[in-house]
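Pasted below: protein-v4.cif, mmCIF, C-alpha atoms (C1' of nucleotides).
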```cif
data_target
loop_
_atom_site.group_PDB
_atom_site.id
_atom_site.type_symbol
_atom_site.label_atom_id
_atom_site.label_comp_id
_atom_site.auth_asym_id
_atom_site.auth_seq_id
_atom_site.Cartn_x
_atom_site.Cartn_y
_atom_site.Cartn_z
ATOM 1 C CA MET A 1 -54.178 -39.094 -31.740
ATOM 2 C CA SER A 2 -56.557 -40.974 -33.968
ATOM 3 C CA ASN A 3 -60.028 -39.602 -34.458
ATOM 4 C CA TYR A 4 -61.831 -39.062 -37.734
ATOM 5 C CA ARG A 5 -60.480 -35.571 -38.179
ATOM 6 C CA ASN A 6 -56.827 -36.509 -37.982
ATOM 7 C CA ASN A 7 -57.329 -39.324 -40.431
ATOM 8 C CA ASN A 8 -58.600 -36.876 -43.044
ATOM 9 C CA THR A 9 -56.204 -34.040 -42.571
ATOM 10 C CA GLN A 10 -55.275 -33.833 -46.241
ATOM 11 C CA GLN A 11 -58.881 -33.712 -47.320
ATOM 12 C CA TYR A 12 -59.773 -30.916 -44.910
ATOM 13 C CA ALA A 13 -56.602 -29.016 -45.709
ATOM 14 C CA GLY A 14 -57.671 -29.152 -49.352
ATOM 15 C CA MET A 15 -61.080 -27.734 -48.507
ATOM 16 C CA PHE A 16 -59.581 -24.922 -46.477
ATOM 17 C CA LYS A 17 -57.139 -24.164 -49.244
ATOM 18 C CA ALA A 18 -60.040 -23.812 -51.643
ATOM 19 C CA LEU A 19 -61.768 -21.452 -49.230
ATOM 20 C CA SER A 20 -58.615 -19.440 -48.576
ATOM 21 C CA ASN A 21 -59.013 -17.379 -51.730
ATOM 22 C CA PRO A 22 -61.415 -14.468 -51.118
ATOM 23 C CA ASN A 23 -63.046 -14.849 -54.519
ATOM 24 C CA ARG A 24 -63.616 -18.552 -54.056
ATOM 25 C CA LEU A 25 -64.951 -17.972 -50.563
ATOM 26 C CA GLN A 26 -67.412 -15.468 -52.006
ATOM 27 C CA ILE A 27 -68.581 -18.000 -54.569
ATOM 28 C CA PHE A 28 -68.989 -20.591 -51.841
ATOM 29 C CA LEU A 29 -70.935 -18.166 -49.653
ATOM 30 C CA GLN A 30 -73.243 -17.258 -52.503
ATOM 31 C CA LEU A 31 -74.082 -20.923 -52.861
ATOM 32 C CA THR A 32 -74.921 -21.201 -49.168
ATOM 33 C CA GLN A 33 -77.506 -18.461 -49.455
ATOM 34 C CA CYS A 34 -80.653 -20.445 -49.813
ATOM 35 C CA CYS A 35 -82.954 -17.824 -51.283
ATOM 36 C CA THR A 36 -82.722 -14.660 -53.286
ATOM 37 C CA PRO A 37 -83.570 -11.503 -51.335
ATOM 38 C CA GLY A 38 -87.302 -10.968 -50.963
ATOM 39 C CA THR A 39 -88.293 -14.568 -51.583
ATOM 40 C CA VAL A 40 -89.435 -17.152 -49.090
ATOM 41 C CA CYS A 41 -86.948 -19.804 -48.095
ATOM 42 C CA ASN A 42 -87.720 -23.464 -48.491
ATOM 43 C CA ASN A 43 -85.832 -25.967 -46.388
ATOM 44 C CA LYS A 44 -86.021 -28.670 -48.967
ATOM 45 C CA ASP A 45 -84.484 -26.783 -51.852
ATOM 46 C CA ILE A 46 -80.820 -26.860 -52.628
ATOM 47 C CA GLU A 47 -79.793 -23.574 -54.117
ATOM 48 C CA VAL A 48 -78.427 -23.900 -57.636
ATOM 49 C CA ARG A 49 -76.670 -21.088 -59.490
ATOM 50 C CA TYR A 50 -75.064 -20.704 -62.872
ATOM 51 C CA VAL A 51 -71.332 -20.163 -63.074
ATOM 52 C CA GLY A 52 -71.789 -16.859 -64.855
ATOM 53 C CA ASP A 53 -74.110 -15.494 -62.173
ATOM 54 C CA LEU A 54 -71.707 -16.475 -59.435
ATOM 55 C CA GLY A 55 -69.034 -14.324 -61.009
ATOM 56 C CA ALA A 56 -71.308 -11.357 -61.665
ATOM 57 C CA ASP A 57 -70.115 -9.195 -58.761
ATOM 58 C CA LEU A 58 -66.661 -10.671 -58.534
ATOM 59 C CA ASN A 59 -64.650 -8.680 -61.073
ATOM 60 C CA VAL A 60 -62.526 -11.529 -62.402
ATOM 61 C CA ALA A 61 -62.061 -12.803 -65.956
ATOM 62 C CA ALA A 62 -64.289 -15.661 -67.087
ATOM 63 C CA SER A 63 -61.293 -17.948 -67.266
ATOM 64 C CA THR A 64 -60.397 -17.148 -63.683
ATOM 65 C CA LEU A 65 -63.955 -17.810 -62.562
ATOM 66 C CA SER A 66 -63.912 -21.140 -64.354
ATOM 67 C CA HIS A 67 -60.675 -22.016 -62.640
ATOM 68 C CA HIS A 68 -62.096 -21.216 -59.210
ATOM 69 C CA ILE A 69 -65.208 -23.290 -59.828
ATOM 70 C CA LYS A 70 -63.011 -26.206 -60.760
ATOM 71 C CA GLU A 71 -60.936 -25.811 -57.621
ATOM 72 C CA LEU A 72 -64.011 -25.734 -55.395
ATOM 73 C CA ASN A 73 -65.311 -28.839 -57.125
ATOM 74 C CA ARG A 74 -61.983 -30.620 -56.864
ATOM 75 C CA ALA A 75 -61.879 -29.908 -53.129
ATOM 76 C CA GLY A 76 -65.286 -31.558 -52.810
ATOM 77 C CA LEU A 77 -66.985 -28.359 -51.728
ATOM 78 C CA ILE A 78 -69.366 -27.849 -54.636
ATOM 79 C CA GLN A 79 -71.072 -29.916 -57.291
ATOM 80 C CA ILE A 80 -71.343 -28.921 -60.942
ATOM 81 C CA ARG A 81 -73.511 -30.062 -63.844
ATOM 82 C CA ARG A 82 -73.971 -28.738 -67.350
ATOM 83 C CA SER A 83 -77.462 -27.588 -68.218
ATOM 84 C CA GLY A 84 -77.661 -26.364 -71.787
ATOM 85 C CA GLN A 85 -75.360 -23.426 -72.276
ATOM 86 C CA ASN A 86 -74.967 -22.945 -68.561
ATOM 87 C CA VAL A 87 -73.236 -24.867 -65.822
ATOM 88 C CA GLU A 88 -75.145 -25.306 -62.572
ATOM 89 C CA CYS A 89 -73.384 -25.198 -59.204
ATOM 90 C CA TRP A 90 -74.609 -26.210 -55.776
ATOM 91 C CA ILE A 91 -73.448 -27.328 -52.355
ATOM 92 C CA GLU A 92 -74.537 -30.642 -50.909
ATOM 93 C CA PRO A 93 -75.843 -30.039 -47.368
ATOM 94 C CA GLU A 94 -73.600 -32.795 -45.987
ATOM 95 C CA VAL A 95 -70.567 -30.696 -46.851
ATOM 96 C CA LEU A 96 -71.711 -27.888 -44.588
ATOM 97 C CA GLN A 97 -72.585 -30.343 -41.823
ATOM 98 C CA LYS A 98 -69.196 -31.976 -42.073
ATOM 99 C CA LEU A 99 -67.318 -28.698 -41.898
ATOM 100 C CA SER A 100 -69.421 -27.408 -39.050
ATOM 101 C CA ALA A 101 -68.840 -30.618 -37.131
ATOM 102 C CA PHE A 102 -65.115 -30.431 -37.782
ATOM 103 C CA PHE A 103 -64.856 -27.355 -35.587
ATOM 104 C CA GLN A 104 -67.403 -28.530 -33.057
ATOM 105 C CA ALA A 105 -65.451 -31.688 -32.350
ATOM 106 C CA GLY A 106 -62.954 -29.751 -30.294
ATOM 107 C CA GLN A 107 -65.586 -28.165 -28.078
ATOM 108 C CA GLU A 108 -67.792 -30.975 -26.930
ATOM 109 C CA GLN A 109 -65.596 -32.626 -24.321
ATOM 110 C CA MET B 1 -76.135 -10.113 -49.729
ATOM 111 C CA SER B 2 -75.254 -8.681 -46.350
ATOM 112 C CA ASN B 3 -75.039 -10.993 -43.396
ATOM 113 C CA TYR B 4 -72.235 -11.210 -40.864
ATOM 114 C CA ARG B 5 -70.345 -13.773 -42.887
ATOM 115 C CA ASN B 6 -70.087 -11.733 -46.041
ATOM 116 C CA ASN B 7 -68.950 -8.725 -44.090
ATOM 117 C CA ASN B 8 -65.972 -10.657 -42.755
ATOM 118 C CA THR B 9 -64.917 -12.492 -45.856
ATOM 119 C CA GLN B 10 -61.302 -11.386 -45.630
ATOM 120 C CA GLN B 11 -61.026 -12.474 -42.026
ATOM 121 C CA TYR B 12 -62.432 -15.925 -42.697
ATOM 122 C CA ALA B 13 -60.383 -16.335 -45.854
ATOM 123 C CA GLY B 14 -57.332 -15.607 -43.710
ATOM 124 C CA MET B 15 -58.319 -18.291 -41.229
ATOM 125 C CA PHE B 16 -58.870 -20.826 -43.973
ATOM 126 C CA LYS B 17 -55.559 -19.937 -45.539
ATOM 127 C CA ALA B 18 -53.846 -20.630 -42.238
ATOM 128 C CA LEU B 19 -55.594 -23.998 -42.031
ATOM 129 C CA SER B 20 -54.845 -24.870 -45.647
ATOM 130 C CA ASN B 21 -51.330 -26.052 -44.880
ATOM 131 C CA PRO B 22 -51.361 -29.669 -43.630
ATOM 132 C CA ASN B 23 -48.714 -28.996 -41.001
ATOM 133 C CA ARG B 24 -50.555 -25.980 -39.657
ATOM 134 C CA LEU B 25 -53.830 -27.893 -39.649
ATOM 135 C CA GLN B 26 -52.136 -30.626 -37.612
ATOM 136 C CA ILE B 27 -50.915 -28.067 -35.092
ATOM 137 C CA PHE B 28 -54.399 -26.605 -34.863
ATOM 138 C CA LEU B 29 -55.945 -30.043 -34.393
ATOM 139 C CA GLN B 30 -53.496 -30.912 -31.656
ATOM 140 C CA LEU B 31 -54.607 -27.812 -29.811
ATOM 141 C CA THR B 32 -58.253 -28.843 -30.071
ATOM 142 C CA GLN B 33 -57.511 -32.147 -28.360
ATOM 143 C CA CYS B 34 -58.441 -31.350 -24.825
ATOM 144 C CA CYS B 35 -56.615 -34.118 -22.993
ATOM 145 C CA THR B 36 -53.608 -36.309 -23.479
ATOM 146 C CA PRO B 37 -54.409 -39.981 -24.060
ATOM 147 C CA GLY B 38 -55.210 -41.846 -20.875
ATOM 148 C CA THR B 39 -56.111 -38.791 -18.843
ATOM 149 C CA VAL B 40 -59.515 -37.580 -17.783
ATOM 150 C CA CYS B 41 -60.965 -34.627 -19.662
ATOM 151 C CA ASN B 42 -62.059 -31.528 -17.850
ATOM 152 C CA ASN B 43 -64.536 -29.227 -19.535
ATOM 153 C CA LYS B 44 -63.211 -26.130 -17.890
ATOM 154 C CA ASP B 45 -59.607 -26.455 -18.989
ATOM 155 C CA ILE B 46 -58.270 -24.876 -22.120
ATOM 156 C CA GLU B 47 -55.566 -27.081 -23.517
ATOM 157 C CA VAL B 48 -52.181 -25.384 -23.596
ATOM 158 C CA ARG B 49 -49.140 -26.811 -25.362
ATOM 159 C CA TYR B 50 -45.596 -25.690 -25.899
ATOM 160 C CA VAL B 51 -44.455 -24.811 -29.389
ATOM 161 C CA GLY B 52 -41.751 -27.478 -29.312
ATOM 162 C CA ASP B 53 -44.199 -30.229 -28.355
ATOM 163 C CA LEU B 54 -46.561 -29.240 -31.146
ATOM 164 C CA GLY B 55 -43.825 -29.850 -33.689
ATOM 165 C CA ALA B 56 -42.660 -33.139 -32.180
ATOM 166 C CA ASP B 57 -44.318 -35.420 -34.718
ATOM 167 C CA LEU B 58 -44.336 -32.946 -37.580
ATOM 168 C CA ASN B 59 -40.910 -33.348 -39.152
ATOM 169 C CA VAL B 60 -40.233 -29.700 -39.903
ATOM 170 C CA ALA B 61 -37.354 -27.458 -38.874
ATOM 171 C CA ALA B 62 -37.782 -25.374 -35.745
ATOM 172 C CA SER B 63 -37.789 -22.238 -37.855
ATOM 173 C CA THR B 64 -40.609 -23.600 -39.982
ATOM 174 C CA LEU B 65 -42.597 -24.523 -36.903
ATOM 175 C CA SER B 66 -42.113 -21.047 -35.518
ATOM 176 C CA HIS B 67 -43.301 -19.581 -38.791
ATOM 177 C CA HIS B 68 -46.459 -21.706 -38.738
ATOM 178 C CA ILE B 69 -47.263 -20.771 -35.158
ATOM 179 C CA LYS B 70 -46.967 -17.123 -36.112
ATOM 180 C CA GLU B 71 -49.276 -17.589 -39.082
ATOM 181 C CA LEU B 72 -51.911 -19.312 -36.963
ATOM 182 C CA ASN B 73 -51.688 -16.526 -34.432
ATOM 183 C CA ARG B 74 -51.840 -13.823 -37.079
ATOM 184 C CA ALA B 75 -54.993 -15.404 -38.494
ATOM 185 C CA GLY B 76 -56.565 -15.189 -35.046
ATOM 186 C CA LEU B 77 -56.796 -18.948 -34.679
ATOM 187 C CA ILE B 78 -54.450 -19.466 -31.746
ATOM 188 C CA GLN B 79 -53.092 -17.493 -28.834
ATOM 189 C CA ILE B 80 -49.457 -17.519 -27.715
ATOM 190 C CA ARG B 81 -47.664 -16.476 -24.541
ATOM 191 C CA ARG B 82 -44.115 -16.893 -23.401
ATOM 192 C CA SER B 83 -43.598 -18.919 -20.265
ATOM 193 C CA GLY B 84 -39.963 -19.108 -19.314
ATOM 194 C CA GLN B 85 -37.988 -20.815 -22.020
ATOM 195 C CA ASN B 86 -41.128 -22.123 -23.684
ATOM 196 C CA VAL B 87 -43.968 -20.521 -25.550
ATOM 197 C CA GLU B 88 -47.481 -21.669 -24.705
ATOM 198 C CA CYS B 89 -50.172 -22.052 -27.380
ATOM 199 C CA TRP B 90 -53.896 -22.478 -27.016
ATOM 200 C CA ILE B 91 -57.178 -21.961 -28.840
ATOM 201 C CA GLU B 92 -59.889 -19.751 -27.426
ATOM 202 C CA PRO B 93 -63.177 -21.697 -27.482
ATOM 203 C CA GLU B 94 -64.938 -18.806 -29.230
ATOM 204 C CA VAL B 95 -62.793 -19.393 -32.293
ATOM 205 C CA LEU B 96 -64.114 -22.918 -32.691
ATOM 206 C CA GLN B 97 -67.672 -21.743 -32.087
ATOM 207 C CA LYS B 98 -67.321 -19.028 -34.669
ATOM 208 C CA LEU B 99 -65.953 -21.375 -37.323
ATOM 209 C CA SER B 100 -68.542 -24.020 -36.612
ATOM 210 C CA ALA B 101 -71.294 -21.437 -36.878
ATOM 211 C CA PHE B 102 -69.870 -20.141 -40.137
ATOM 212 C CA PHE B 103 -70.745 -23.390 -41.849
ATOM 213 C CA GLN B 104 -73.979 -23.889 -39.982
ATOM 214 C CA ALA B 105 -75.337 -20.572 -41.160
ATOM 215 C CA GLY B 106 -76.019 -21.964 -44.575
ATOM 216 C CA GLN B 107 -78.031 -24.885 -43.283
ATOM 217 C CA GLU B 108 -80.483 -23.468 -40.826
ATOM 218 C CA GLN B 109 -83.043 -21.930 -43.142
ATOM 219 C "C1'" DT C 1 -20.981 -15.432 -16.160
ATOM 220 C "C1'" DC C 2 -20.995 -19.492 -18.762
ATOM 221 C "C1'" DT C 3 -23.675 -23.171 -20.929
ATOM 222 C "C1'" DG C 4 -27.553 -25.437 -22.842
ATOM 223 C "C1'" DT C 5 -32.289 -25.398 -24.411
ATOM 224 C "C1'" DA C 6 -36.242 -23.129 -26.674
ATOM 225 C "C1'" DA C 7 -37.730 -20.251 -29.891
ATOM 226 C "C1'" DT C 8 -37.328 -16.486 -33.468
ATOM 227 C "C1'" DT C 9 -35.435 -13.894 -37.293
ATOM 228 C "C1'" DC C 10 -33.273 -13.666 -41.642
ATOM 229 C "C1'" DG C 11 -32.065 -14.676 -46.352
ATOM 230 C "C1'" DA C 12 -32.423 -17.918 -49.973
ATOM 231 C "C1'" DC C 13 -34.782 -20.853 -53.058
ATOM 232 C "C1'" DA C 14 -37.961 -24.021 -55.245
ATOM 233 C "C1'" DT C 15 -42.680 -24.532 -55.919
ATOM 234 C "C1'" DA C 16 -47.520 -23.206 -56.032
ATOM 235 C "C1'" DT C 17 -51.120 -19.981 -57.127
ATOM 236 C "C1'" DA C 18 -54.100 -16.167 -58.958
ATOM 237 C "C1'" DT C 19 -54.781 -13.918 -62.700
ATOM 238 C "C1'" DC C 20 -55.095 -12.583 -67.518
ATOM 239 C "C1'" DG C 21 -56.041 -12.786 -72.608
ATOM 240 C "C1'" DA C 22 -56.412 -15.587 -76.649
ATOM 241 C "C1'" DA C 23 -58.137 -19.483 -78.606
ATOM 242 C "C1'" DG C 24 -61.168 -23.371 -78.424
ATOM 243 C "C1'" DT C 25 -65.559 -26.116 -77.258
ATOM 244 C "C1'" DA C 26 -70.565 -26.638 -76.245
ATOM 245 C "C1'" DT C 27 -75.063 -25.352 -76.832
ATOM 246 C "C1'" DA C 28 -79.252 -22.688 -78.363
ATOM 247 C "C1'" DG C 29 -81.652 -20.426 -81.688
ATOM 248 C "C1'" DA C 30 -82.367 -18.096 -86.140
ATOM 249 C "C1'" DT D 1 -75.321 -23.606 -91.312
ATOM 250 C "C1'" DC D 2 -74.327 -19.275 -89.180
ATOM 251 C "C1'" DT D 3 -74.138 -16.556 -84.998
ATOM 252 C "C1'" DA D 4 -74.230 -15.447 -80.247
ATOM 253 C "C1'" DT D 5 -73.622 -16.826 -75.522
ATOM 254 C "C1'" DA D 6 -71.544 -19.584 -71.829
ATOM 255 C "C1'" DC D 7 -67.886 -21.762 -70.401
ATOM 256 C "C1'" DT D 8 -63.157 -24.125 -70.601
ATOM 257 C "C1'" DT D 9 -58.393 -24.792 -71.840
ATOM 258 C "C1'" DC D 10 -53.876 -23.131 -72.522
ATOM 259 C "C1'" DG D 11 -49.702 -20.553 -71.899
ATOM 260 C "C1'" DA D 12 -47.594 -16.741 -69.645
ATOM 261 C "C1'" DT D 13 -46.391 -14.107 -65.663
ATOM 262 C "C1'" DA D 14 -46.142 -11.846 -61.295
ATOM 263 C "C1'" DT D 15 -46.612 -12.869 -56.657
ATOM 264 C "C1'" DA D 16 -47.078 -15.731 -52.518
ATOM 265 C "C1'" DT D 17 -45.711 -19.608 -49.782
ATOM 266 C "C1'" DG D 18 -43.247 -23.544 -47.428
ATOM 267 C "C1'" DT D 19 -39.164 -24.881 -46.261
ATOM 268 C "C1'" DC D 20 -34.411 -24.907 -44.865
ATOM 269 C "C1'" DG D 21 -29.993 -23.670 -42.375
ATOM 270 C "C1'" DA D 22 -27.370 -20.153 -40.068
ATOM 271 C "C1'" DA D 23 -27.370 -16.659 -36.908
ATOM 272 C "C1'" DT D 24 -29.662 -14.465 -33.084
ATOM 273 C "C1'" DT D 25 -32.433 -13.756 -28.893
ATOM 274 C "C1'" DA D 26 -34.648 -15.305 -24.458
ATOM 275 C "C1'" DC D 27 -34.402 -17.706 -20.536
ATOM 276 C "C1'" DA D 28 -32.993 -21.182 -16.780
ATOM 277 C "C1'" DG D 29 -29.686 -23.228 -14.102
ATOM 278 C "C1'" DA D 30 -24.967 -24.276 -12.627
#
```
Represent the structure of the file as structure tokens.
Amino acid sequence: MSNYRNNNTQQYAGMFKALSNPNRLQIFLQLTQCCTPGTVCNNKDIEVRYVGDLGADLNVAASTLSHHIKELNRAGLIQIRRSGQNVECWIEPEVLQKLSAFFQAGQEQ
Amino acid sequence: MSNYRNNNTQQYAGMFKALSNPNRLQIFLQLTQCCTPGTVCNNKDIEVRYVGDLGADLNVAASTLSHHIKELNRAGLIQIRRSGQNVECWIEPEVLQKLSAFFQAGQEQ
DNA sequence: TCTGTAATTCGACATATATCGAAGTATAGA
DNA sequence: TCTATACTTCGATATATGTCGAATTACAGA
């Protein structure tokens, strides 16, 4: 047993732990939605959202939201960057590719 | 926001929670390995293992192993069936497809 | 029926986590 | 410099989780 997945068990377990909380999963899913309803999608754009917006329909305290953002970032799932008063969040496409491939690896043989 | 992923947030969060424990993730990964080292793979076979074997290199008590198997099953990630003294475990291929697609959905647009 | 192996259930316990509110920091704008 | 907004940090707390060992159940074989 020694393929790339088994060598990174801790890392993946950390990602899944971050996604195991329904509120965090919602935040993550919002960041995977590439365009706001009614607009045209553009392949090349990476969707960026502000922390505050991500928590808008989540019904948690600001401090809790901040905590969740930090956890997602720590797990390597999202990137964050301050922009004035706001903090921008986004997902690097490689993260989604990596996770998708993780579950495909078992199917291909 | 209303695609198939967002409508099943709880279900997916449950799966990720099950995979968030390193020992459970190891068990899951073992079940995705379709053939034992040195043998020839066969597409058509679903890999089945006994509970005891899955815990062989895990260093947890039998009761803990049993608990983890139950959690994985409860999350819908693995199937179990008693076979004599042993209990067989396996992953339905659709589960892997579903999880892989979950992370692909954000990339395709 | 007895024995041994495989697995589960149960109760206990230490640790981790989700959440909150209060207080603090960072930034923009008047 | 003052104020408002966005976000973070901190401490507290209730709840969930991972783990164990002991006891129990399921089954196979002598």
List as CSV every residue of chain B that is in contact with chain A, defined as an atom at most 7 Å from one of its atoms (using only C-alpha atoms), together with the nearest atom pair and the distance in Å rounded to one decimal, sorted by chain and then rising number.
```
residue,atom,partner,partner_atom,distance
B:Thr9,CA,A:Pro22,CA,6.6
B:Gln10,CA,A:Pro22,CA,6.3
B:Ala13,CA,A:Ser20,CA,4.5
B:Gly14,CA,A:Ser20,CA,6.3
B:Phe16,CA,A:Ser20,CA,4.8
B:Lys17,CA,A:Ser20,CA,4.3
B:Leu19,CA,A:Phe16,CA,6.0
B:Ser20,CA,A:Lys17,CA,4.3
B:Asn21,CA,A:Ala13,CA,6.1
B:Pro22,CA,A:Ala13,CA,5.7
B:Leu25,CA,A:Ala13,CA,6.8
B:Thr32,CA,A:Gly106,CA,4.8
B:Gln33,CA,A:Gly106,CA,6.3
B:Cys41,CA,A:Gln109,CA,6.9
B:Asn43,CA,A:Gln109,CA,6.0
B:Pro93,CA,A:Gln107,CA,6.9
B:Leu96,CA,A:Phe103,CA,5.4
B:Gln97,CA,A:Gln104,CA,6.9
B:Leu99,CA,A:Phe103,CA,6.3
B:Ser100,CA,A:Ser100,CA,4.3
B:Ala101,CA,A:Ser100,CA,6.6
B:Phe103,CA,A:Ser100,CA,5.1
B:Gln104,CA,A:Ser100,CA,5.8
B:Gly106,CA,A:Thr32,CA,4.8
B:Gln107,CA,A:Pro93,CA,6.9
B:Gln109,CA,A:Asn43,CA,5.9
```
Residues of chain D within 12 Å of chain A, counting only C-alpha atoms (C1' of nucleotides), what are they? List them as a list in words.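 Putting it all together, I get DA4, DT5, DA6, DC7, DT8, DT9 and DC10 of chain D.
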Once the PyMOL selection byres ((chain C and resi 1) around 12) is applied to the coordinates I shared, what remains selected? I want it as a ChimeraX atom specification. /C:2-3 /D:29-30
Check: which chain C residues lie within 12 Å of chain A using only C-alpha atoms (C1' of nucleotides), as a compact mmCIF listing (two decimals) with C-alpha atoms (C1' of nucleotides), keeping the file's coordinate frame:
```txt
# COMPACT_ATOMS: atom_id res chain seq x y z
C1' DA C 16 -47.52 -23.21 -56.03
C1' DT C 17 -51.12 -19.98 -57.13
C1' DA C 18 -54.10 -16.17 -58.96
C1' DT C 19 -54.78 -13.92 -62.70
C1' DC C 20 -55.10 -12.58 -67.52
C1' DG C 21 -56.04 -12.79 -72.61
C1' DA C 22 -56.41 -15.59 -76.65
C1' DA C 23 -58.14 -19.48 -78.61
C1' DT C 25 -65.56 -26.12 -77.26
C1' DA C 26 -70.56 -26.64 -76.24
C1' DT C 27 -75.06 -25.35 -76.83
C1' DA C 28 -79.25 -22.69 -78.36
C1' DG C 29 -81.65 -20.43 -81.69
```
How many Å separate C1' of DT13 (chain D) from CA of Ile80 (chain A)?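 For C1' of DT13 (chain D) relative to CA of Ile80 (chain A), the distance reads 29.4 Å.
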